$ cat my_file10.cif   # mmCIF, N, CA and C atoms
data_protein
loop_
_atom_site.group_PDB
_atom_site.id
_atom_site.type_symbol
_atom_site.label_atom_id
_atom_site.label_comp_id
_atom_site.auth_asym_id
_atom_site.auth_seq_id
_atom_site.Cartn_x
_atom_site.Cartn_y
_atom_site.Cartn_z
ATOM 1 N N MET J 1 -8.217 -12.800 10.616
ATOM 2 C CA MET J 1 -7.635 -11.901 9.619
ATOM 3 C C MET J 1 -7.605 -10.491 10.203
ATOM 4 N N ALA J 2 -6.476 -9.834 10.062
ATOM 5 C CA ALA J 2 -6.309 -8.481 10.597
ATOM 6 C C ALA J 2 -6.438 -7.455 9.483
ATOM 7 N N GLN J 3 -6.928 -6.279 9.856
ATOM 8 C CA GLN J 3 -6.995 -5.187 8.896
ATOM 9 C C GLN J 3 -6.059 -4.080 9.356
ATOM 10 N N GLN J 4 -5.322 -3.520 8.404
ATOM 11 C CA GLN J 4 -4.426 -2.419 8.693
ATOM 12 C C GLN J 4 -4.732 -1.273 7.738
ATOM 13 N N SER J 5 -4.603 -0.061 8.254
ATOM 14 C CA SER J 5 -4.816 1.119 7.422
ATOM 15 C C SER J 5 -3.500 1.854 7.250
ATOM 16 N N LEU J 6 -3.239 2.264 6.019
ATOM 17 C CA LEU J 6 -2.062 3.072 5.703
ATOM 18 C C LEU J 6 -2.546 4.414 5.182
ATOM 19 N N THR J 7 -1.790 5.463 5.458
ATOM 20 C CA THR J 7 -2.111 6.800 4.967
ATOM 21 C C THR J 7 -1.010 7.234 4.002
ATOM 22 N N PHE J 8 -1.416 7.828 2.873
ATOM 23 C CA PHE J 8 -0.468 8.277 1.854
ATOM 24 C C PHE J 8 -0.474 9.790 1.729
ATOM 25 N N GLN J 9 0.684 10.320 1.349
ATOM 26 C CA GLN J 9 0.795 11.723 0.925
ATOM 27 C C GLN J 9 1.572 11.719 -0.379
ATOM 28 N N GLY J 10 1.046 12.386 -1.381
ATOM 29 C CA GLY J 10 1.769 12.520 -2.642
ATOM 30 C C GLY J 10 1.273 11.639 -3.769
ATOM 31 N N VAL J 11 0.196 10.904 -3.573
ATOM 32 C CA VAL J 11 -0.359 10.097 -4.667
ATOM 33 C C VAL J 11 -1.180 11.029 -5.558
ATOM 34 N N LYS J 12 -0.803 11.091 -6.844
ATOM 35 C CA LYS J 12 -1.432 12.062 -7.725
ATOM 36 C C LYS J 12 -2.166 11.459 -8.910
ATOM 37 N N SER J 13 -1.983 10.158 -9.149
ATOM 38 C CA SER J 13 -2.593 9.600 -10.354
ATOM 39 C C SER J 13 -3.161 8.202 -10.110
ATOM 40 N N VAL J 14 -4.045 7.806 -11.014
ATOM 41 C CA VAL J 14 -4.618 6.466 -10.975
ATOM 42 C C VAL J 14 -3.521 5.435 -11.223
ATOM 43 N N GLU J 15 -2.559 5.788 -12.049
ATOM 44 C CA GLU J 15 -1.440 4.874 -12.331
ATOM 45 C C GLU J 15 -0.679 4.532 -11.040
ATOM 46 N N GLN J 16 -0.450 5.535 -10.190
ATOM 47 C CA GLN J 16 0.224 5.288 -8.916
ATOM 48 C C GLN J 16 -0.629 4.389 -8.021
ATOM 49 N N VAL J 17 -1.923 4.650 -7.965
ATOM 50 C CA VAL J 17 -2.834 3.818 -7.166
ATOM 51 C C VAL J 17 -2.773 2.371 -7.651
ATOM 52 N N ASN J 18 -2.776 2.175 -8.968
ATOM 53 C CA ASN J 18 -2.724 0.823 -9.530
ATOM 54 C C ASN J 18 -1.408 0.124 -9.183
ATOM 55 N N LYS J 19 -0.302 0.850 -9.243
ATOM 56 C CA LYS J 19 0.999 0.263 -8.897
ATOM 57 C C LYS J 19 1.038 -0.145 -7.426
ATOM 58 N N ILE J 20 0.500 0.697 -6.562
ATOM 59 C CA ILE J 20 0.465 0.385 -5.134
ATOM 60 C C ILE J 20 -0.409 -0.842 -4.887
ATOM 61 N N THR J 21 -1.575 -0.867 -5.526
ATOM 62 C CA THR J 21 -2.489 -2.000 -5.365
ATOM 63 C C THR J 21 -1.798 -3.298 -5.779
ATOM 64 N N THR J 22 -1.148 -3.295 -6.919
ATOM 65 C CA THR J 22 -0.457 -4.487 -7.409
ATOM 66 C C THR J 22 0.650 -4.909 -6.452
ATOM 67 N N ALA J 23 1.442 -3.946 -5.984
ATOM 68 C CA ALA J 23 2.547 -4.261 -5.067
ATOM 69 C C ALA J 23 2.025 -4.893 -3.784
ATOM 70 N N LEU J 24 0.943 -4.369 -3.250
ATOM 71 C CA LEU J 24 0.386 -4.917 -2.014
ATOM 72 C C LEU J 24 -0.206 -6.304 -2.233
ATOM 73 N N MET J 25 -0.935 -6.483 -3.323
ATOM 74 C CA MET J 25 -1.588 -7.765 -3.580
ATOM 75 C C MET J 25 -0.578 -8.887 -3.867
ATOM 76 N N MET J 26 0.616 -8.541 -4.299
ATOM 77 C CA MET J 26 1.652 -9.535 -4.592
ATOM 78 C C MET J 26 2.321 -10.061 -3.324
ATOM 79 N N LEU J 27 2.113 -9.377 -2.208
ATOM 80 C CA LEU J 27 2.768 -9.771 -0.962
ATOM 81 C C LEU J 27 2.114 -11.011 -0.358
ATOM 82 N N ASP J 28 2.963 -11.888 0.157
ATOM 83 C CA ASP J 28 2.467 -13.061 0.874
ATOM 84 C C ASP J 28 1.766 -12.575 2.138
ATOM 85 N N GLY J 29 0.579 -13.071 2.373
ATOM 86 C CA GLY J 29 -0.156 -12.694 3.572
ATOM 87 C C GLY J 29 -1.188 -11.603 3.366
ATOM 88 N N VAL J 30 -1.258 -11.030 2.162
ATOM 89 C CA VAL J 30 -2.278 -10.013 1.879
ATOM 90 C C VAL J 30 -3.449 -10.697 1.182
ATOM 91 N N ASP J 31 -4.618 -10.613 1.807
ATOM 92 C CA ASP J 31 -5.825 -11.220 1.233
ATOM 93 C C ASP J 31 -6.581 -10.244 0.345
ATOM 94 N N SER J 32 -6.610 -8.964 0.740
ATOM 95 C CA SER J 32 -7.253 -7.942 -0.079
ATOM 96 C C SER J 32 -6.670 -6.586 0.275
ATOM 97 N N ALA J 33 -6.753 -5.672 -0.697
ATOM 98 C CA ALA J 33 -6.257 -4.312 -0.481
ATOM 99 C C ALA J 33 -7.151 -3.341 -1.234
ATOM 100 N N GLU J 34 -7.706 -2.390 -0.511
ATOM 101 C CA GLU J 34 -8.483 -1.317 -1.131
ATOM 102 C C GLU J 34 -7.618 -0.072 -1.062
ATOM 103 N N VAL J 35 -7.206 0.413 -2.219
ATOM 104 C CA VAL J 35 -6.252 1.513 -2.291
ATOM 105 C C VAL J 35 -6.889 2.721 -2.956
ATOM 106 N N GLY J 36 -6.652 3.889 -2.396
ATOM 107 C CA GLY J 36 -7.106 5.149 -2.972
ATOM 108 C C GLY J 36 -5.970 6.153 -2.926
ATOM 109 N N ARG J 37 -6.245 7.378 -3.290
ATOM 110 C CA ARG J 37 -5.200 8.407 -3.322
ATOM 111 C C ARG J 37 -4.696 8.790 -1.940
ATOM 112 N N HIS J 38 -5.501 8.572 -0.920
ATOM 113 C CA HIS J 38 -5.114 9.023 0.418
ATOM 114 C C HIS J 38 -4.747 7.897 1.371
ATOM 115 N N GLY J 39 -4.864 6.646 0.899
ATOM 116 C CA GLY J 39 -4.498 5.554 1.780
ATOM 117 C C GLY J 39 -4.985 4.208 1.304
ATOM 118 N N ALA J 40 -4.759 3.208 2.159
ATOM 119 C CA ALA J 40 -5.154 1.843 1.823
ATOM 120 C C ALA J 40 -5.638 1.121 3.069
ATOM 121 N N ASP J 41 -6.606 0.240 2.869
ATOM 122 C CA ASP J 41 -7.043 -0.688 3.901
ATOM 123 C C ASP J 41 -6.656 -2.077 3.408
ATOM 124 N N VAL J 42 -5.841 -2.754 4.209
ATOM 125 C CA VAL J 42 -5.293 -4.042 3.800
ATOM 126 C C VAL J 42 -5.743 -5.120 4.782
ATOM 127 N N ASP J 43 -6.310 -6.207 4.250
ATOM 128 C CA ASP J 43 -6.703 -7.361 5.063
ATOM 129 C C ASP J 43 -5.695 -8.474 4.860
ATOM 130 N N GLY J 44 -5.360 -9.138 5.936
ATOM 131 C CA GLY J 44 -4.452 -10.271 5.852
ATOM 132 C C GLY J 44 -3.520 -10.324 7.046
ATOM 133 N N ARG J 45 -2.485 -11.147 6.927
ATOM 134 C CA ARG J 45 -1.565 -11.336 8.036
ATOM 135 C C ARG J 45 -0.189 -10.712 7.787
ATOM 136 N N ALA J 46 -0.024 -9.960 6.712
ATOM 137 C CA ALA J 46 1.258 -9.311 6.422
ATOM 138 C C ALA J 46 1.537 -8.233 7.469
ATOM 139 N N LYS J 47 2.806 -8.090 7.821
ATOM 140 C CA LYS J 47 3.200 -7.084 8.803
ATOM 141 C C LYS J 47 3.147 -5.692 8.188
ATOM 142 N N ARG J 48 2.843 -4.720 9.022
ATOM 143 C CA ARG J 48 2.766 -3.320 8.584
ATOM 144 C C ARG J 48 4.066 -2.878 7.918
ATOM 145 N N GLU J 49 5.179 -3.244 8.515
ATOM 146 C CA GLU J 49 6.492 -2.869 7.976
ATOM 147 C C GLU J 49 6.674 -3.426 6.556
ATOM 148 N N THR J 50 6.200 -4.629 6.327
ATOM 149 C CA THR J 50 6.287 -5.250 5.003
ATOM 150 C C THR J 50 5.466 -4.476 3.982
ATOM 151 N N LEU J 51 4.282 -4.034 4.380
ATOM 152 C CA LEU J 51 3.414 -3.256 3.485
ATOM 153 C C LEU J 51 4.082 -1.938 3.098
ATOM 154 N N ILE J 52 4.603 -1.239 4.096
ATOM 155 C CA ILE J 52 5.253 0.054 3.860
ATOM 156 C C ILE J 52 6.475 -0.117 2.972
ATOM 157 N N ASN J 53 7.296 -1.128 3.249
ATOM 158 C CA ASN J 53 8.492 -1.374 2.439
ATOM 159 C C ASN J 53 8.148 -1.646 0.980
ATOM 160 N N ALA J 54 7.077 -2.395 0.748
ATOM 161 C CA ALA J 54 6.667 -2.708 -0.628
ATOM 162 C C ALA J 54 6.303 -1.439 -1.395
ATOM 163 N N ILE J 55 5.642 -0.504 -0.724
ATOM 164 C CA ILE J 55 5.265 0.756 -1.376
ATOM 165 C C ILE J 55 6.493 1.627 -1.597
ATOM 166 N N GLU J 56 7.372 1.703 -0.609
ATOM 167 C CA GLU J 56 8.583 2.522 -0.751
ATOM 168 C C GLU J 56 9.497 2.006 -1.861
ATOM 169 N N LYS J 57 9.531 0.705 -2.080
ATOM 170 C CA LYS J 57 10.370 0.113 -3.146
ATOM 171 C C LYS J 57 9.918 0.564 -4.529
ATOM 172 N N LEU J 58 8.680 1.034 -4.661
ATOM 173 C CA LEU J 58 8.189 1.518 -5.948
ATOM 174 C C LEU J 58 8.828 2.836 -6.347
ATOM 175 N N LYS J 59 9.411 3.539 -5.385
ATOM 176 C CA LYS J 59 10.085 4.822 -5.614
ATOM 177 C C LYS J 59 9.188 5.830 -6.346
ATOM 178 N N LEU J 60 7.975 5.978 -5.824
ATOM 179 C CA LEU J 60 7.014 6.928 -6.408
ATOM 180 C C LEU J 60 7.047 8.289 -5.716
ATOM 181 N N GLY J 61 7.881 8.430 -4.700
ATOM 182 C CA GLY J 61 7.951 9.690 -3.975
ATOM 183 C C GLY J 61 6.771 9.906 -3.043
ATOM 184 N N ILE J 62 6.199 8.809 -2.559
ATOM 185 C CA ILE J 62 5.022 8.870 -1.695
ATOM 186 C C ILE J 62 5.437 8.680 -0.250
ATOM 187 N N LYS J 63 4.855 9.469 0.643
ATOM 188 C CA LYS J 63 5.072 9.282 2.063
ATOM 189 C C LYS J 63 3.984 8.359 2.592
ATOM 190 N N VAL J 64 4.399 7.321 3.304
ATOM 191 C CA VAL J 64 3.463 6.325 3.817
ATOM 192 C C VAL J 64 3.544 6.324 5.345
ATOM 193 N N SER J 65 2.398 6.342 5.987
ATOM 194 C CA SER J 65 2.391 6.238 7.453
ATOM 195 C C SER J 65 1.232 5.370 7.897
#
$ encode --input "my_file10.cif" --output "structure tokens"
Amino acid sequence: MAQQSLTFQGVKSVEQVNKITTALMMLDGVDSAEVGRHGADVDGRAKRETLINAIEKLKLGIKVS
């Protein structure tokens, strides 16, 4: 199992964190995701690009790297 870290800019609320957590956990290949205002640590076999795309599709105005 691989772990990947994502960094966020622009997350301002718990509601946004919850939406990101749900979006990541719904992805095939994600075993766990710990999400906070400044980033996420994701365990599983999902590709980094897939994780970033899932967050961008939420259209929350967050920069992900």
$ axis_aligned_box --input "my_file10.cif" --around "range 23-30 of chain J" --padding-each-side "8 Å" --output "JSON"
{"center_x": -0.2, "center_y": -8.5, "center_z": -1.2, "size_x": 22.4, "size_y": 25.1, "size_z": 25.6}
$ closest_residue --input "my_file10.cif" --among "J:Thr21, J:Leu51, J:Lys57, J:Val64" --to "Val35 in chain J" --atoms "all atoms listed in the file"
J:Thr21
$ closest_residue --input "my_file10.cif" --among "J:Ile52, J:Leu27, J:Ala46, J:Gly36" --to "Glu15 in chain J" --atoms "only C-alpha atoms"
J:Gly36
$ residues_near_point --input "my_file10.cif" --point "(-3.4, -4.0, 5.1)" --cutoff "6 Å" --atoms "only C-alpha atoms" --output "number ranges by chain"
J: 3-5, 41-43
$ resolve_selection --input "my_file10.cif" --expression "the PyMOL selection byres (((chain J and resi 25 and name CA) around 12) and name CA)" --output "MDAnalysis selection string"
chainID J and resid 18:24 26:35 40:44 46 50:51 54:55
$ write_last_selection --input "my_file10.cif" --atoms "N, CA and C atoms" --output "CSV table (one decimal), in the coordinates of the input"
chain,number,residue,atom,x,y,z
J,18,ASN,N,-2.8,2.2,-9.0
J,18,ASN,CA,-2.7,0.8,-9.5
J,18,ASN,C,-1.4,0.1,-9.2
J,19,LYS,N,-0.3,0.8,-9.2
J,19,LYS,CA,1.0,0.3,-8.9
J,19,LYS,C,1.0,-0.1,-7.4
J,20,ILE,N,0.5,0.7,-6.6
J,20,ILE,CA,0.5,0.4,-5.1
J,20,ILE,C,-0.4,-0.8,-4.9
J,21,THR,N,-1.6,-0.9,-5.5
J,21,THR,CA,-2.5,-2.0,-5.4
J,21,THR,C,-1.8,-3.3,-5.8
J,22,THR,N,-1.1,-3.3,-6.9
J,22,THR,CA,-0.5,-4.5,-7.4
J,22,THR,C,0.6,-4.9,-6.5
J,23,ALA,N,1.4,-3.9,-6.0
J,23,ALA,CA,2.5,-4.3,-5.1
J,23,ALA,C,2.0,-4.9,-3.8
J,24,LEU,N,0.9,-4.4,-3.2
J,24,LEU,CA,0.4,-4.9,-2.0
J,24,LEU,C,-0.2,-6.3,-2.2
J,26,MET,N,0.6,-8.5,-4.3
J,26,MET,CA,1.7,-9.5,-4.6
J,26,MET,C,2.3,-10.1,-3.3
J,27,LEU,N,2.1,-9.4,-2.2
J,27,LEU,CA,2.8,-9.8,-1.0
J,27,LEU,C,2.1,-11.0,-0.4
J,28,ASP,N,3.0,-11.9,0.2
J,28,ASP,CA,2.5,-13.1,0.9
J,28,ASP,C,1.8,-12.6,2.1
J,29,GLY,N,0.6,-13.1,2.4
J,29,GLY,CA,-0.2,-12.7,3.6
J,29,GLY,C,-1.2,-11.6,3.4
J,30,VAL,N,-1.3,-11.0,2.2
J,30,VAL,CA,-2.3,-10.0,1.9
J,30,VAL,C,-3.4,-10.7,1.2
J,31,ASP,N,-4.6,-10.6,1.8
J,31,ASP,CA,-5.8,-11.2,1.2
J,31,ASP,C,-6.6,-10.2,0.3
J,32,SER,N,-6.6,-9.0,0.7
J,32,SER,CA,-7.3,-7.9,-0.1
J,32,SER,C,-6.7,-6.6,0.3
J,33,ALA,N,-6.8,-5.7,-0.7
J,33,ALA,CA,-6.3,-4.3,-0.5
J,33,ALA,C,-7.2,-3.3,-1.2
J,34,GLU,N,-7.7,-2.4,-0.5
J,34,GLU,CA,-8.5,-1.3,-1.1
J,34,GLU,C,-7.6,-0.1,-1.1
J,35,VAL,N,-7.2,0.4,-2.2
J,35,VAL,CA,-6.3,1.5,-2.3
J,35,VAL,C,-6.9,2.7,-3.0
J,40,ALA,N,-4.8,3.2,2.2
J,40,ALA,CA,-5.2,1.8,1.8
J,40,ALA,C,-5.6,1.1,3.1
J,41,ASP,N,-6.6,0.2,2.9
J,41,ASP,CA,-7.0,-0.7,3.9
J,41,ASP,C,-6.7,-2.1,3.4
J,42,VAL,N,-5.8,-2.8,4.2
J,42,VAL,CA,-5.3,-4.0,3.8
J,42,VAL,C,-5.7,-5.1,4.8
J,43,ASP,N,-6.3,-6.2,4.2
J,43,ASP,CA,-6.7,-7.4,5.1
J,43,ASP,C,-5.7,-8.5,4.9
J,44,GLY,N,-5.4,-9.1,5.9
J,44,GLY,CA,-4.5,-10.3,5.9
J,44,GLY,C,-3.5,-10.3,7.0
J,46,ALA,N,0.0,-10.0,6.7
J,46,ALA,CA,1.3,-9.3,6.4
J,46,ALA,C,1.5,-8.2,7.5
J,50,THR,N,6.2,-4.6,6.3
J,50,THR,CA,6.3,-5.2,5.0
J,50,THR,C,5.5,-4.5,4.0
J,51,LEU,N,4.3,-4.0,4.4
J,51,LEU,CA,3.4,-3.3,3.5
J,51,LEU,C,4.1,-1.9,3.1
J,54,ALA,N,7.1,-2.4,0.7
J,54,ALA,CA,6.7,-2.7,-0.6
J,54,ALA,C,6.3,-1.4,-1.4
J,55,ILE,N,5.6,-0.5,-0.7
J,55,ILE,CA,5.3,0.8,-1.4
J,55,ILE,C,6.5,1.6,-1.6
$ atom_distance --input "my_file10.cif" --atom1 "atom C of Gly10 in chain J" --atom2 "CA of Asn53 in chain J"
16.1 Å
$ atom_distance --input "my_file10.cif" --atom1 "CA of Ser65 in chain J" --atom2 "CA of Val17 in chain J"
15.7 Å
$ atom_distance --input "my_file10.cif" --atom1 "atom C of Lys47 in chain J" --atom2 "CA of Ser13 in chain J"
24.7 Å
$ closest_residue --input "my_file10.cif" --among "J:Arg45, J:Gln16, J:Leu6, J:Gly39" --to "Lys59 in chain J" --atoms "only C-alpha atoms"
J:Gln16
$ select_by_dssp --input "my_file10.cif" --residues "chain J" --states "helix (DSSP H, G or I)" --output "ChimeraX atom specification"
/J:14-25,48-56
